[in-house]
>>> print(open('query39.tsv').read())   # TSV, C-alpha atoms
chain	number	residue	atom	x	y	z
I	1	MET	CA	8.88	-56.71	-59.00
I	2	GLY	CA	9.38	-53.65	-56.83
I	3	ALA	CA	11.34	-55.41	-54.14
I	4	ILE	CA	11.77	-53.20	-51.11
I	5	GLU	CA	15.33	-52.69	-50.05
I	6	LEU	CA	15.53	-52.74	-46.29
I	7	THR	CA	18.56	-51.20	-44.78
I	8	TRP	CA	20.29	-51.74	-41.49
I	9	ARG	CA	19.34	-49.01	-39.08
I	10	PRO	CA	22.31	-48.67	-36.81
I	11	LEU	CA	21.43	-48.20	-33.19
I	12	ASP	CA	24.75	-47.04	-32.04
I	13	SER	CA	26.90	-45.18	-34.49
I	14	THR	CA	28.02	-42.84	-31.73
I	15	SER	CA	27.66	-45.12	-28.74
I	16	ALA	CA	31.32	-46.04	-28.36
I	17	PRO	CA	32.34	-42.99	-26.29
I	18	LEU	CA	29.29	-43.44	-24.08
I	19	ILE	CA	30.04	-47.13	-23.62
I	20	ARG	CA	33.62	-46.32	-22.66
I	21	ARG	CA	32.46	-43.83	-20.05
I	22	ALA	CA	29.73	-46.12	-18.75
I	23	LYS	CA	32.26	-48.94	-18.42
I	24	ALA	CA	34.39	-46.62	-16.32
I	25	GLY	CA	31.43	-46.20	-13.95
I	26	ASP	CA	30.01	-42.97	-15.32
I	27	ARG	CA	26.37	-43.12	-14.30
I	28	GLU	CA	25.29	-40.30	-16.62
I	29	ALA	CA	26.81	-42.10	-19.58
I	30	PHE	CA	24.84	-45.24	-18.76
I	31	GLU	CA	21.64	-43.20	-18.48
I	32	ALA	CA	22.41	-41.67	-21.85
I	33	LEU	CA	22.80	-45.18	-23.32
I	34	LEU	CA	19.51	-46.13	-21.72
I	35	VAL	CA	17.70	-43.16	-23.21
I	36	ARG	CA	19.28	-43.74	-26.60
I	37	HIS	CA	18.22	-47.37	-26.88
I	38	GLU	CA	15.10	-47.65	-24.76
I	39	ARG	CA	12.72	-47.04	-27.66
I	40	VAL	CA	14.11	-49.83	-29.82
I	41	VAL	CA	14.38	-52.23	-26.92
I	42	LEU	CA	10.85	-51.64	-25.67
I	43	ARG	CA	9.36	-51.73	-29.16
I	44	THR	CA	11.06	-54.99	-30.03
I	45	ALA	CA	10.08	-56.51	-26.70
I	46	LEU	CA	6.48	-55.38	-27.24
I	47	ARG	CA	6.35	-57.13	-30.62
I	48	LEU	CA	7.86	-60.27	-29.18
I	49	MET	CA	5.82	-60.40	-25.97
I	50	GLY	CA	2.54	-58.92	-27.24
I	51	ARG	CA	1.77	-57.04	-24.03
I	52	LEU	CA	3.13	-53.75	-22.81
I	53	ASP	CA	3.55	-54.76	-19.16
I	54	LEU	CA	5.49	-57.87	-20.15
I	55	ALA	CA	7.52	-55.87	-22.65
I	56	GLN	CA	8.41	-53.35	-19.94
I	57	ASP	CA	9.56	-56.15	-17.67
I	58	ALA	CA	11.69	-57.52	-20.48
I	59	ALA	CA	13.14	-54.12	-21.35
I	60	GLN	CA	14.02	-53.53	-17.73
I	61	GLU	CA	15.82	-56.87	-17.59
I	62	VAL	CA	17.69	-56.09	-20.82
I	63	PHE	CA	19.06	-52.83	-19.43
I	64	LEU	CA	19.98	-54.40	-16.11
I	65	ARG	CA	21.92	-57.06	-18.01
I	66	LEU	CA	23.51	-54.35	-20.12
I	67	HIS	CA	24.67	-52.65	-16.94
I	68	LYS	CA	25.90	-55.92	-15.46
I	69	TYR	CA	27.83	-57.11	-18.49
I	70	LEU	CA	28.92	-53.80	-19.96
I	71	GLY	CA	32.40	-54.32	-18.58
I	72	ARG	CA	32.87	-57.29	-20.89
I	73	PHE	CA	31.56	-55.47	-23.93
I	74	ASP	CA	34.05	-54.33	-26.53
I	75	GLU	CA	33.06	-50.75	-27.25
I	76	GLU	CA	34.46	-51.01	-30.76
I	77	ARG	CA	31.69	-53.46	-31.60
I	78	GLU	CA	28.17	-52.40	-32.39
I	79	LEU	CA	25.84	-52.36	-29.42
I	80	GLY	CA	22.75	-52.77	-31.58
I	81	PRO	CA	23.04	-56.46	-32.48
I	82	TRP	CA	24.08	-57.24	-28.93
I	83	LEU	CA	20.98	-55.48	-27.57
I	84	TYR	CA	18.66	-57.15	-30.07
I	85	ARG	CA	20.09	-60.53	-29.12
I	86	MET	CA	19.56	-59.69	-25.48
I	87	VAL	CA	15.95	-58.66	-26.11
I	88	VAL	CA	15.26	-61.91	-27.94
I	89	ASN	CA	16.88	-63.97	-25.18
I	90	VAL	CA	15.15	-62.15	-22.33
I	91	CYS	CA	11.75	-62.39	-24.04
I	92	HIS	CA	12.37	-66.09	-24.67
I	93	ASP	CA	13.22	-66.63	-20.99
I	94	GLN	CA	10.18	-64.71	-19.80
I	95	ARG	CA	7.79	-66.52	-22.11
I	96	ARG	CA	9.20	-69.84	-20.94
I	97	ARG	CA	8.77	-68.84	-17.31
I	98	ARG	CA	5.20	-67.76	-17.99
I	99	ALA	CA	4.52	-70.97	-19.85
I	100	ARG	CA	5.59	-72.93	-16.78
I	101	THR	CA	3.17	-71.14	-14.51
I	102	GLU	CA	0.34	-70.35	-16.86
I	103	ALA	CA	-1.41	-71.82	-19.82
I	104	SER	CA	-0.40	-70.40	-23.16
I	105	LEU	CA	-1.24	-66.77	-23.55
I	106	PRO	CA	-4.85	-66.50	-24.74
I	107	LEU	CA	-5.26	-64.28	-27.72
I	108	ASP	CA	-7.66	-62.06	-25.78
I	109	GLU	CA	-4.73	-61.18	-23.56
I	110	VAL	CA	-2.57	-60.18	-26.46
I	111	ASP	CA	-2.19	-56.48	-26.42
I	112	GLY	CA	-3.31	-55.69	-29.91
I	113	SER	CA	-4.61	-52.32	-28.91
I	114	ASP	CA	-1.13	-51.23	-27.85
I	115	PRO	CA	-1.94	-48.65	-25.18
I	116	ALA	CA	1.70	-47.67	-25.41
I	117	LEU	CA	1.17	-46.34	-28.89
I	118	ALA	CA	0.41	-42.70	-29.27
I	119	VAL	CA	-2.94	-42.21	-30.97
I	120	PRO	CA	-2.54	-39.93	-33.95
I	121	ALA	CA	-4.71	-36.82	-34.18
I	122	ASP	CA	-6.32	-38.01	-37.37
I	123	ALA	CA	-7.11	-41.42	-35.90
I	124	GLU	CA	-10.63	-41.29	-37.29
I	125	ALA	CA	-9.43	-41.15	-40.87
I	126	ARG	CA	-6.91	-43.90	-40.35
I	127	LEU	CA	-9.15	-46.23	-38.42
I	128	ASP	CA	-9.02	-49.04	-40.95
I	129	ARG	CA	-5.24	-48.87	-41.17
I	130	GLU	CA	-4.94	-48.85	-37.40
I	131	ARG	CA	-7.23	-51.81	-37.12
I	132	ARG	CA	-5.20	-53.80	-39.62
I	133	ARG	CA	-2.03	-52.88	-37.80
I	134	GLU	CA	-3.51	-54.11	-34.54
I	135	LEU	CA	-4.51	-57.37	-36.14
I	136	VAL	CA	-1.04	-57.82	-37.59
I	137	ALA	CA	0.42	-57.22	-34.12
I	138	ARG	CA	-1.89	-59.87	-32.73
I	139	ALA	CA	-1.14	-62.26	-35.56
I	140	LEU	CA	2.54	-62.05	-34.69
I	141	GLN	CA	1.72	-63.61	-31.35
I	142	THR	CA	0.24	-66.66	-33.04
I	143	LEU	CA	3.58	-67.55	-34.64
I	144	PRO	CA	6.07	-69.99	-33.17
I	145	GLU	CA	8.70	-68.15	-31.18
I	146	LYS	CA	11.56	-68.46	-33.65
I	147	GLU	CA	9.45	-67.40	-36.59
I	148	ARG	CA	8.18	-64.45	-34.63
I	149	ALA	CA	11.68	-63.35	-33.64
I	150	ALA	CA	12.92	-63.62	-37.22
I	151	LEU	CA	9.93	-61.71	-38.56
I	152	VAL	CA	10.12	-58.96	-35.94
I	153	LEU	CA	13.81	-58.39	-36.54
I	154	ARG	CA	13.62	-58.64	-40.32
I	155	ASP	CA	10.35	-56.86	-41.10
I	156	VAL	CA	9.45	-54.74	-38.07
I	157	GLU	CA	12.98	-53.66	-37.17
I	158	GLY	CA	14.14	-53.75	-40.78
I	159	LEU	CA	17.39	-55.59	-40.22
I	160	ALA	CA	19.13	-57.37	-43.07
I	161	THR	CA	18.74	-61.13	-43.27
I	162	ARG	CA	22.44	-61.48	-42.52
I	163	GLU	CA	22.11	-59.43	-39.34
I	164	VAL	CA	19.04	-61.37	-38.22
I	165	ALA	CA	20.91	-64.61	-38.74
I	166	ARG	CA	23.82	-63.31	-36.68
I	167	ILE	CA	21.55	-62.14	-33.87
I	168	LEU	CA	19.56	-65.37	-33.74
I	169	GLY	CA	22.60	-67.56	-34.19
I	170	SER	CA	21.22	-69.30	-37.25
I	171	SER	CA	21.90	-69.42	-40.97
I	172	GLU	CA	20.58	-66.97	-43.52
I	173	ALA	CA	18.72	-69.81	-45.21
I	174	THR	CA	16.96	-70.62	-41.96
I	175	VAL	CA	15.99	-66.99	-41.45
I	176	ARG	CA	14.66	-66.78	-45.01
I	177	SER	CA	12.58	-69.87	-44.41
I	178	GLN	CA	11.26	-68.51	-41.12
I	179	VAL	CA	10.32	-65.10	-42.46
I	180	SER	CA	8.78	-66.60	-45.57
I	181	THR	CA	6.53	-68.89	-43.55
I	182	GLY	CA	5.79	-66.18	-41.01
I	183	ARG	CA	4.75	-63.62	-43.60
I	184	VAL	CA	2.27	-66.00	-45.18
I	185	LYS	CA	0.85	-67.02	-41.78
I	186	VAL	CA	0.38	-63.42	-40.65
I	187	LYS	CA	-1.37	-62.48	-43.86
I	188	LYS	CA	-3.73	-65.45	-43.67
I	189	GLN	CA	-4.45	-64.95	-39.97
I	190	VAL	CA	-5.36	-61.29	-40.45
I	191	GLU	CA	-7.61	-62.15	-43.37
I	192	LYS	CA	-9.31	-64.78	-41.25
I	193	TRP	CA	-9.99	-62.32	-38.43
I	194	LEU	CA	-11.25	-59.70	-40.86
I	195	LYS	CA	-13.71	-62.20	-42.29
I	196	GLU	CA	-14.88	-63.27	-38.84
I	197	ARG	CA	-15.35	-59.71	-37.57
I	198	PRO	CA	-16.16	-57.50	-40.53
G	1	MET	CA	5.33	-75.07	-60.41
G	2	SER	CA	2.08	-75.10	-58.43
G	3	CYS	CA	0.63	-71.94	-56.87
G	4	GLY	CA	0.69	-73.46	-53.37
G	5	ALA	CA	4.38	-74.26	-53.63
G	6	LEU	CA	5.06	-70.70	-54.70
G	7	GLU	CA	3.55	-68.97	-51.67
G	8	GLY	CA	6.76	-69.07	-49.67
G	9	ARG	CA	8.81	-67.81	-52.60
G	10	ILE	CA	6.38	-64.99	-53.24
G	11	ALA	CA	6.66	-64.06	-49.57
G	12	LEU	CA	10.40	-63.68	-50.10
G	13	LEU	CA	10.03	-61.96	-53.44
G	14	VAL	CA	7.86	-59.13	-52.11
G	15	GLU	CA	10.60	-58.09	-49.68
G	16	GLY	CA	13.54	-58.67	-52.01
G	17	ASP	CA	14.72	-61.75	-50.18
G	18	LEU	CA	14.39	-64.25	-53.02
G	19	PRO	CA	17.75	-65.55	-54.26
G	20	GLU	CA	18.65	-64.46	-57.78
G	21	GLY	CA	18.57	-68.00	-59.06
G	22	GLU	CA	14.88	-68.40	-58.26
G	23	LEU	CA	13.75	-64.97	-59.31
G	24	GLY	CA	13.19	-65.71	-62.95
G	25	ALA	CA	10.99	-68.75	-62.44
G	26	VAL	CA	8.76	-67.01	-59.91
G	27	GLU	CA	8.37	-63.88	-62.01
G	28	THR	CA	7.49	-65.97	-65.02
G	29	HIS	CA	4.82	-67.77	-63.05
G	30	LEU	CA	3.40	-64.51	-61.70
G	31	ALA	CA	3.17	-63.07	-65.18
G	32	GLY	CA	0.83	-65.87	-66.19
G	33	CYS	CA	-1.09	-66.48	-62.95
G	34	ALA	CA	-3.67	-63.95	-61.76
G	35	VAL	CA	-4.26	-65.83	-58.51
G	36	CYS	CA	-0.61	-65.61	-57.52
G	37	ARG	CA	-0.42	-61.95	-58.58
G	38	ARG	CA	-3.34	-61.21	-56.31
G	39	PHE	CA	-1.68	-63.18	-53.53
G	40	ALA	CA	1.50	-61.15	-54.00
G	41	ASP	CA	-0.44	-57.86	-53.88
G	42	GLU	CA	-2.21	-58.88	-50.67
G	43	LEU	CA	1.06	-59.95	-49.20
G	44	ARG	CA	2.63	-56.58	-49.98
G	45	GLU	CA	-0.23	-54.89	-48.17
G	46	SER	CA	0.17	-57.19	-45.19
G	47	GLN	CA	3.87	-56.52	-45.16
G	48	ARG	CA	3.26	-52.77	-45.19
G	49	ASP	CA	1.17	-53.16	-42.06
G	50	LEU	CA	3.81	-55.35	-40.50
G	51	ARG	CA	6.60	-52.87	-41.20
G	52	SER	CA	4.48	-50.05	-39.87
G	53	LEU	CA	4.67	-51.66	-36.43
G	54	GLY	CA	8.25	-50.45	-36.33
G	55	GLU	CA	7.30	-46.89	-37.19
G	56	VAL	CA	4.76	-46.23	-34.48
G	57	ASP	CA	5.84	-44.11	-31.60
G	58	LEU	CA	5.78	-45.48	-28.12
G	59	ASP	CA	4.13	-43.61	-25.32
G	60	ARG	CA	6.70	-41.57	-23.41
G	61	ALA	CA	5.23	-42.62	-20.09
G	62	ALA	CA	5.87	-46.27	-20.93
G	63	LEU	CA	9.49	-45.49	-21.78
G	64	ALA	CA	9.95	-43.33	-18.69
G	65	SER	CA	8.56	-46.12	-16.55
G	66	VAL	CA	11.18	-48.57	-17.81
G	67	ARG	CA	13.94	-46.02	-17.32
G	68	ARG	CA	12.80	-45.23	-13.78
G	69	ARG	CA	12.59	-48.92	-12.84
G	70	VAL	CA	16.05	-49.65	-14.18
G	71	LEU	CA	17.63	-46.72	-12.35
G	72	GLU	CA	15.79	-47.59	-9.14
G	73	VAL	CA	17.19	-51.11	-9.20
G	74	LEU	CA	20.69	-49.79	-9.86
G	75	ASP	CA	20.35	-47.33	-6.97
G	76	ARG	CA	19.38	-50.04	-4.52
G	77	PRO	CA	22.14	-51.30	-2.30
G	78	ALA	CA	23.44	-54.58	-3.58
G	79	ARG	CA	21.44	-57.46	-2.20
G	80	ARG	CA	23.08	-60.77	-1.72
G	81	SER	CA	21.40	-63.82	-3.07
G	82	PRO	CA	19.98	-66.28	-0.49
G	83	VAL	CA	22.52	-68.87	-1.61
G	84	PHE	CA	25.37	-66.46	-1.01
G	85	VAL	CA	24.01	-65.58	2.45
G	86	ALA	CA	23.66	-69.27	3.37
G	87	LEU	CA	27.19	-70.04	2.21
G	88	ALA	CA	28.59	-67.07	4.11
G	89	ALA	CA	26.76	-68.16	7.28
G	90	ALA	CA	28.07	-71.71	6.93
G	91	ALA	CA	31.61	-70.42	6.43
G	92	GLY	CA	31.22	-68.28	9.55
G	93	VAL	CA	30.08	-71.25	11.63
G	94	VAL	CA	33.02	-73.32	10.42
G	95	ALA	CA	35.45	-70.50	11.20
G	96	VAL	CA	34.07	-70.05	14.73
G	97	ALA	CA	34.18	-73.79	15.35
G	98	PHE	CA	37.79	-73.90	14.17
G	99	LEU	CA	38.80	-71.03	16.42
G	100	LEU	CA	37.04	-72.59	19.40
G	101	SER	CA	38.74	-75.90	18.80
G	102	ARG	CA	42.14	-74.17	18.71
G	103	GLU	CA	41.29	-72.41	21.95
G	104	VAL	CA	40.42	-75.72	23.64
G	105	VAL	CA	43.57	-77.39	22.35
G	106	GLY	CA	45.62	-74.45	23.58
G	107	ARG	CA	44.30	-74.96	27.10
G	108	LEU	CA	45.15	-78.62	27.27
G	109	PRO	CA	48.01	-79.38	29.67
G	110	GLU	CA	51.33	-79.64	27.96
G	111	PRO	CA	53.00	-83.01	27.94
G	112	PRO	CA	55.16	-83.43	31.01
G	113	SER	CA	58.69	-82.42	30.35
G	114	ARG	CA	61.33	-84.50	31.93
G	115	VAL	CA	63.59	-82.10	33.61
G	116	PRO	CA	66.70	-83.02	35.50
G	117	PRO	CA	67.27	-81.69	39.02
G	118	ALA	CA	69.35	-78.65	39.44
G	119	SER	CA	72.87	-79.31	40.45
G	120	ALA	CA	75.67	-76.98	41.24
G	121	ALA	CA	78.08	-79.40	39.66
G	122	SER	CA	76.14	-79.65	36.46
G	123	PRO	CA	75.11	-76.23	35.25
G	124	ALA	CA	72.36	-76.07	32.68
G	125	PRO	CA	73.66	-76.45	29.17
G	126	PRO	CA	73.21	-73.38	27.08
G	127	GLU	CA	70.33	-73.29	24.66
G	128	VAL	CA	71.24	-73.84	21.09
G	129	ARG	CA	69.33	-71.07	19.43
G	130	PRO	CA	69.99	-68.61	16.72
G	131	PRO	CA	70.60	-65.12	18.06
G	132	ARG	CA	67.25	-63.75	16.89
G	133	LEU	CA	65.23	-66.57	18.46
G	134	ALA	CA	67.31	-66.35	21.58
G	135	ALA	CA	66.42	-62.70	21.91
G	136	VAL	CA	62.74	-63.47	21.46
G	137	ASP	CA	62.99	-66.20	24.04
G	138	ALA	CA	64.67	-63.89	26.49
G	139	GLU	CA	61.77	-61.49	26.19
G	140	ARG	CA	59.29	-64.29	26.71
G	141	ARG	CA	61.10	-65.53	29.78
G	142	ALA	CA	61.17	-62.05	31.25
G	143	ALA	CA	57.43	-61.74	30.77
G	144	GLN	CA	56.64	-65.05	32.45
G	145	PRO	CA	56.40	-65.72	36.18
G	146	ALA	CA	59.18	-67.79	37.56
G	147	SER	CA	58.42	-71.45	37.32
G	148	GLY	CA	60.15	-74.68	36.77
G	149	GLN	CA	58.88	-75.00	33.29
G	150	LEU	CA	59.28	-72.76	30.34
G	151	ALA	CA	56.52	-72.11	27.95
G	152	PRO	CA	57.44	-73.37	24.52
G	153	PRO	CA	58.97	-70.60	22.51
G	154	GLU	CA	57.02	-69.55	19.48
G	155	PRO	CA	59.17	-69.27	16.43
G	156	PRO	CA	58.32	-66.91	13.66
G	157	ALA	CA	56.00	-68.28	11.02
G	158	GLY	CA	57.64	-70.88	8.89
G	159	ARG	CA	60.52	-71.41	11.34
G	160	VAL	CA	61.31	-74.30	13.60
G	161	ALA	CA	63.02	-73.59	16.87
G	162	MET	CA	64.95	-76.23	18.73
G	163	THR	CA	65.82	-75.74	22.37
G	164	VAL	CA	67.36	-77.86	25.10
G	165	GLU	CA	65.19	-77.37	28.12
G	166	LEU	CA	66.43	-77.73	31.67
G	167	PRO	CA	64.70	-76.53	34.81
G	168	PRO	CA	66.08	-73.21	35.94
G	169	SER	CA	66.08	-74.23	39.58
G	170	VAL	CA	65.01	-77.03	41.84
G	171	ALA	CA	64.40	-76.62	45.50
G	172	PRO	CA	67.24	-77.94	47.65
G	173	GLY	CA	66.56	-81.36	49.01
G	174	ALA	CA	64.01	-82.19	46.39
G	175	PRO	CA	63.99	-85.78	45.26
G	176	PRO	CA	66.07	-86.47	42.22
G	177	GLU	CA	64.09	-86.63	39.03
G	178	ASP	CA	64.78	-87.66	35.52
G	179	THR	CA	68.08	-86.10	34.63
G	180	ARG	CA	67.86	-86.66	30.97
G	181	PRO	CA	67.82	-83.43	28.95
G	182	VAL	CA	64.75	-82.74	26.90
G	183	ILE	CA	64.98	-81.25	23.47
G	184	LYS	CA	61.88	-79.33	22.61
G	185	VAL	CA	61.23	-78.66	18.96
G	186	VAL	CA	58.69	-75.87	18.48
G	187	THR	CA	57.19	-75.52	15.07
G	188	SER	CA	55.34	-72.63	13.52
G	189	ASP	CA	52.13	-74.39	14.49
G	190	PRO	CA	51.60	-73.68	18.17
G	191	ASP	CA	49.71	-76.96	18.48
G	192	VAL	CA	52.71	-78.98	17.36
G	193	VAL	CA	55.53	-79.23	19.87
G	194	ILE	CA	57.94	-82.13	19.67
G	195	TYR	CA	59.67	-83.35	22.80
G	196	TRP	CA	62.81	-85.37	22.30
G	197	VAL	CA	64.11	-87.00	25.44
G	198	THR	CA	67.76	-87.88	25.10
G	199	ASP	CA	69.25	-90.79	26.96
G	200	PRO	CA	72.90	-90.24	27.98
G	201	GLU	CA	73.34	-93.98	28.28
G	202	GLY	CA	72.29	-94.53	24.73
G	203	GLY	CA	69.22	-96.58	25.66
G	204	PRO	CA	65.79	-96.07	24.26
G	205	SER	CA	63.96	-93.14	25.81
>>> encode(input="query39.tsv", output="structure tokens")
Amino acid sequence: MGAIELTWRPLDSTSAPLIRRAKAGDREAFEALLVRHERVVLRTALRLMGRLDLAQDAAQEVFLRLHKYLGRFDEERELGPWLYRMVVNVCHDQRRRRARTEASLPLDEVDGSDPALAVPADAEARLDRERRRELVARALQTLPEKERAALVLRDVEGLATREVARILGSSEATVRSQVSTGRVKVKKQVEKWLKERP
Amino acid sequence: MSCGALEGRIALLVEGDLPEGELGAVETHLAGCAVCRRFADELRESQRDLRSLGEVDLDRAALASVRRRVLEVLDRPARRSPVFVALAAAAGVVAVAFLLSREVVGRLPEPPSRVPPASAASPAPPEVRPPRLAAVDAERRAAQPASGQLAPPEPPAGRVAMTVELPPSVAPGAPPEDTRPVIKVVTSDPDVVIYWVTDPEGGPS
């Protein structure tokens, strides 16, 4: 049935020496770690939070925590799963804080247009594709938090189900259930919006 | 198997997540159900859009902003939390109060020592002190103005000094006073000095 094989995209195959130096207080090494992982961290946070400004706040917090707790990190382990887990946790905390002070995020506020995304030169020709992509990004924000996290890690970041389960601290069966439900919801939500605003 | 019940399984199938044991049944259903085949095709398209969210490039300015903010925070001098500051202030107040109380206690008059009058016939008994403490005491005596009463010797930390105190001199013709010798036990705590008045007659002191 043409199943697509998603592979683990390691974040940090060569991070160990940098982590060792950063743990020893080497500021340049920490900056190098920051540069190496900032794209993945910000992108994941953007898909979880739905707004660039909130995603930037979350990414900042992730790297500050990385700096704070780097001393405890075993450099022989992979930094990637640890960072993904941190992104999920920080985004969860920030959404909870926002929920305490504000009503739930209205969909109009969801940053579907993604000003952080570079507009391709041939944007005109790909308008329909871009529009669908924006709607999918917005639809992600309509999902319950755990479903969204599972779907972002599994489908947007392309991690294996086993890795997603490890990052989220749940079972593979739970992740499969979450991504299955999430995929169907996103598809139906986008179709609904396309019908409403042809 | 109904089409509605299959939606979730199809959602797993299109990304290769369906367990092997369920694969056959779902594929068989799809082969005979145009509605579910269409659903699967639409789902694949939706999934392509979803995966493409991970392929888009982020604006460099947005990334640089995060980097700058992180490095700015790390460059700031460490700021103590309000709780830490409050606790430190409270500890300071307690420490000052403790020191002041020790100062006040130190100025309180010492308990009166019962010193016997000087007598040519009864010379002062020698102090029973280890050589090192005796040397320290000698220095202390030399530094003090002459008086009828010795300041309690301060033993080194963790030591207890025991001395037999007698007045060094009494003016001639002075009325006789208590002649019982006083044993002064000085502990490492300057606030704790034990006076032990001995009674030569064996009575209670």
>>> residues_around(input="query39.tsv", residues="Gly54 of chain G", least_positions_apart="2", cutoff="7 Å", atoms="all atoms listed in the file", output="ChimeraX atom specification")
/I:156-157 /G:51-52,56
>>> interface_residues(input="query39.tsv", of="chain G", to="chain I", cutoff="9 Å", atoms="only C-alpha atoms", output="PDB file with C-alpha atoms, in the coordinates of the input")
ATOM      1  CA  GLU G   7       3.550 -68.970 -51.670  1.00  0.00           C
ATOM      2  CA  GLY G   8       6.760 -69.070 -49.670  1.00  0.00           C
ATOM      3  CA  ARG G   9       8.810 -67.810 -52.600  1.00  0.00           C
ATOM      4  CA  ILE G  10       6.380 -64.990 -53.240  1.00  0.00           C
ATOM      5  CA  ALA G  11       6.660 -64.060 -49.570  1.00  0.00           C
ATOM      6  CA  LEU G  12      10.400 -63.680 -50.100  1.00  0.00           C
ATOM      7  CA  LEU G  13      10.030 -61.960 -53.440  1.00  0.00           C
ATOM      8  CA  VAL G  14       7.860 -59.130 -52.110  1.00  0.00           C
ATOM      9  CA  GLU G  15      10.600 -58.090 -49.680  1.00  0.00           C
ATOM     10  CA  GLY G  16      13.540 -58.670 -52.010  1.00  0.00           C
ATOM     11  CA  ASP G  17      14.720 -61.750 -50.180  1.00  0.00           C
ATOM     12  CA  LEU G  18      14.390 -64.250 -53.020  1.00  0.00           C
ATOM     13  CA  GLU G  27       8.370 -63.880 -62.010  1.00  0.00           C
ATOM     14  CA  GLU G  42      -2.210 -58.880 -50.670  1.00  0.00           C
ATOM     15  CA  LEU G  43       1.060 -59.950 -49.200  1.00  0.00           C
ATOM     16  CA  GLU G  45      -0.230 -54.890 -48.170  1.00  0.00           C
ATOM     17  CA  SER G  46       0.170 -57.190 -45.190  1.00  0.00           C
ATOM     18  CA  GLN G  47       3.870 -56.520 -45.160  1.00  0.00           C
ATOM     19  CA  ASP G  49       1.170 -53.160 -42.060  1.00  0.00           C
ATOM     20  CA  LEU G  50       3.810 -55.350 -40.500  1.00  0.00           C
ATOM     21  CA  ARG G  51       6.600 -52.870 -41.200  1.00  0.00           C
ATOM     22  CA  SER G  52       4.480 -50.050 -39.870  1.00  0.00           C
ATOM     23  CA  LEU G  53       4.670 -51.660 -36.430  1.00  0.00           C
ATOM     24  CA  GLY G  54       8.250 -50.450 -36.330  1.00  0.00           C
ATOM     25  CA  GLU G  55       7.300 -46.890 -37.190  1.00  0.00           C
ATOM     26  CA  VAL G  56       4.760 -46.230 -34.480  1.00  0.00           C
ATOM     27  CA  ASP G  57       5.840 -44.110 -31.600  1.00  0.00           C
ATOM     28  CA  LEU G  58       5.780 -45.480 -28.120  1.00  0.00           C
ATOM     29  CA  ASP G  59       4.130 -43.610 -25.320  1.00  0.00           C
ATOM     30  CA  ARG G  60       6.700 -41.570 -23.410  1.00  0.00           C
ATOM     31  CA  ALA G  61       5.230 -42.620 -20.090  1.00  0.00           C
ATOM     32  CA  ALA G  62       5.870 -46.270 -20.930  1.00  0.00           C
ATOM     33  CA  LEU G  63       9.490 -45.490 -21.780  1.00  0.00           C
ATOM     34  CA  ALA G  64       9.950 -43.330 -18.690  1.00  0.00           C
ATOM     35  CA  SER G  65       8.560 -46.120 -16.550  1.00  0.00           C
ATOM     36  CA  VAL G  66      11.180 -48.570 -17.810  1.00  0.00           C
ATOM     37  CA  ARG G  67      13.940 -46.020 -17.320  1.00  0.00           C
ATOM     38  CA  ARG G  69      12.590 -48.920 -12.840  1.00  0.00           C
ATOM     39  CA  VAL G  70      16.050 -49.650 -14.180  1.00  0.00           C
ATOM     40  CA  LEU G  71      17.630 -46.720 -12.350  1.00  0.00           C
ATOM     41  CA  VAL G  73      17.190 -51.110  -9.200  1.00  0.00           C
ATOM     42  CA  LEU G  74      20.690 -49.790  -9.860  1.00  0.00           C
TER      43      LEU G  74
END
>>> atom_distance(input="query39.tsv", atom1="atom CA of Arg100 of chain I", atom2="atom CA of Ala86 of chain G")
27.3 Å
>>> closest_residue(input="query39.tsv", among="I:Lys23, I:Lys146, I:Arg36, I:Arg166", to="Phe73 of chain I", atoms="all atoms listed in the file")
I:Lys23
>>> atom_distance(input="query39.tsv", atom1="atom CA of Glu172 of chain I", atom2="atom CA of Asp93 of chain I")
23.7 Å
>>> atom_distance(input="query39.tsv", atom1="atom CA of Ala165 of chain I", atom2="atom CA of Ala150 of chain I")
8.2 Å
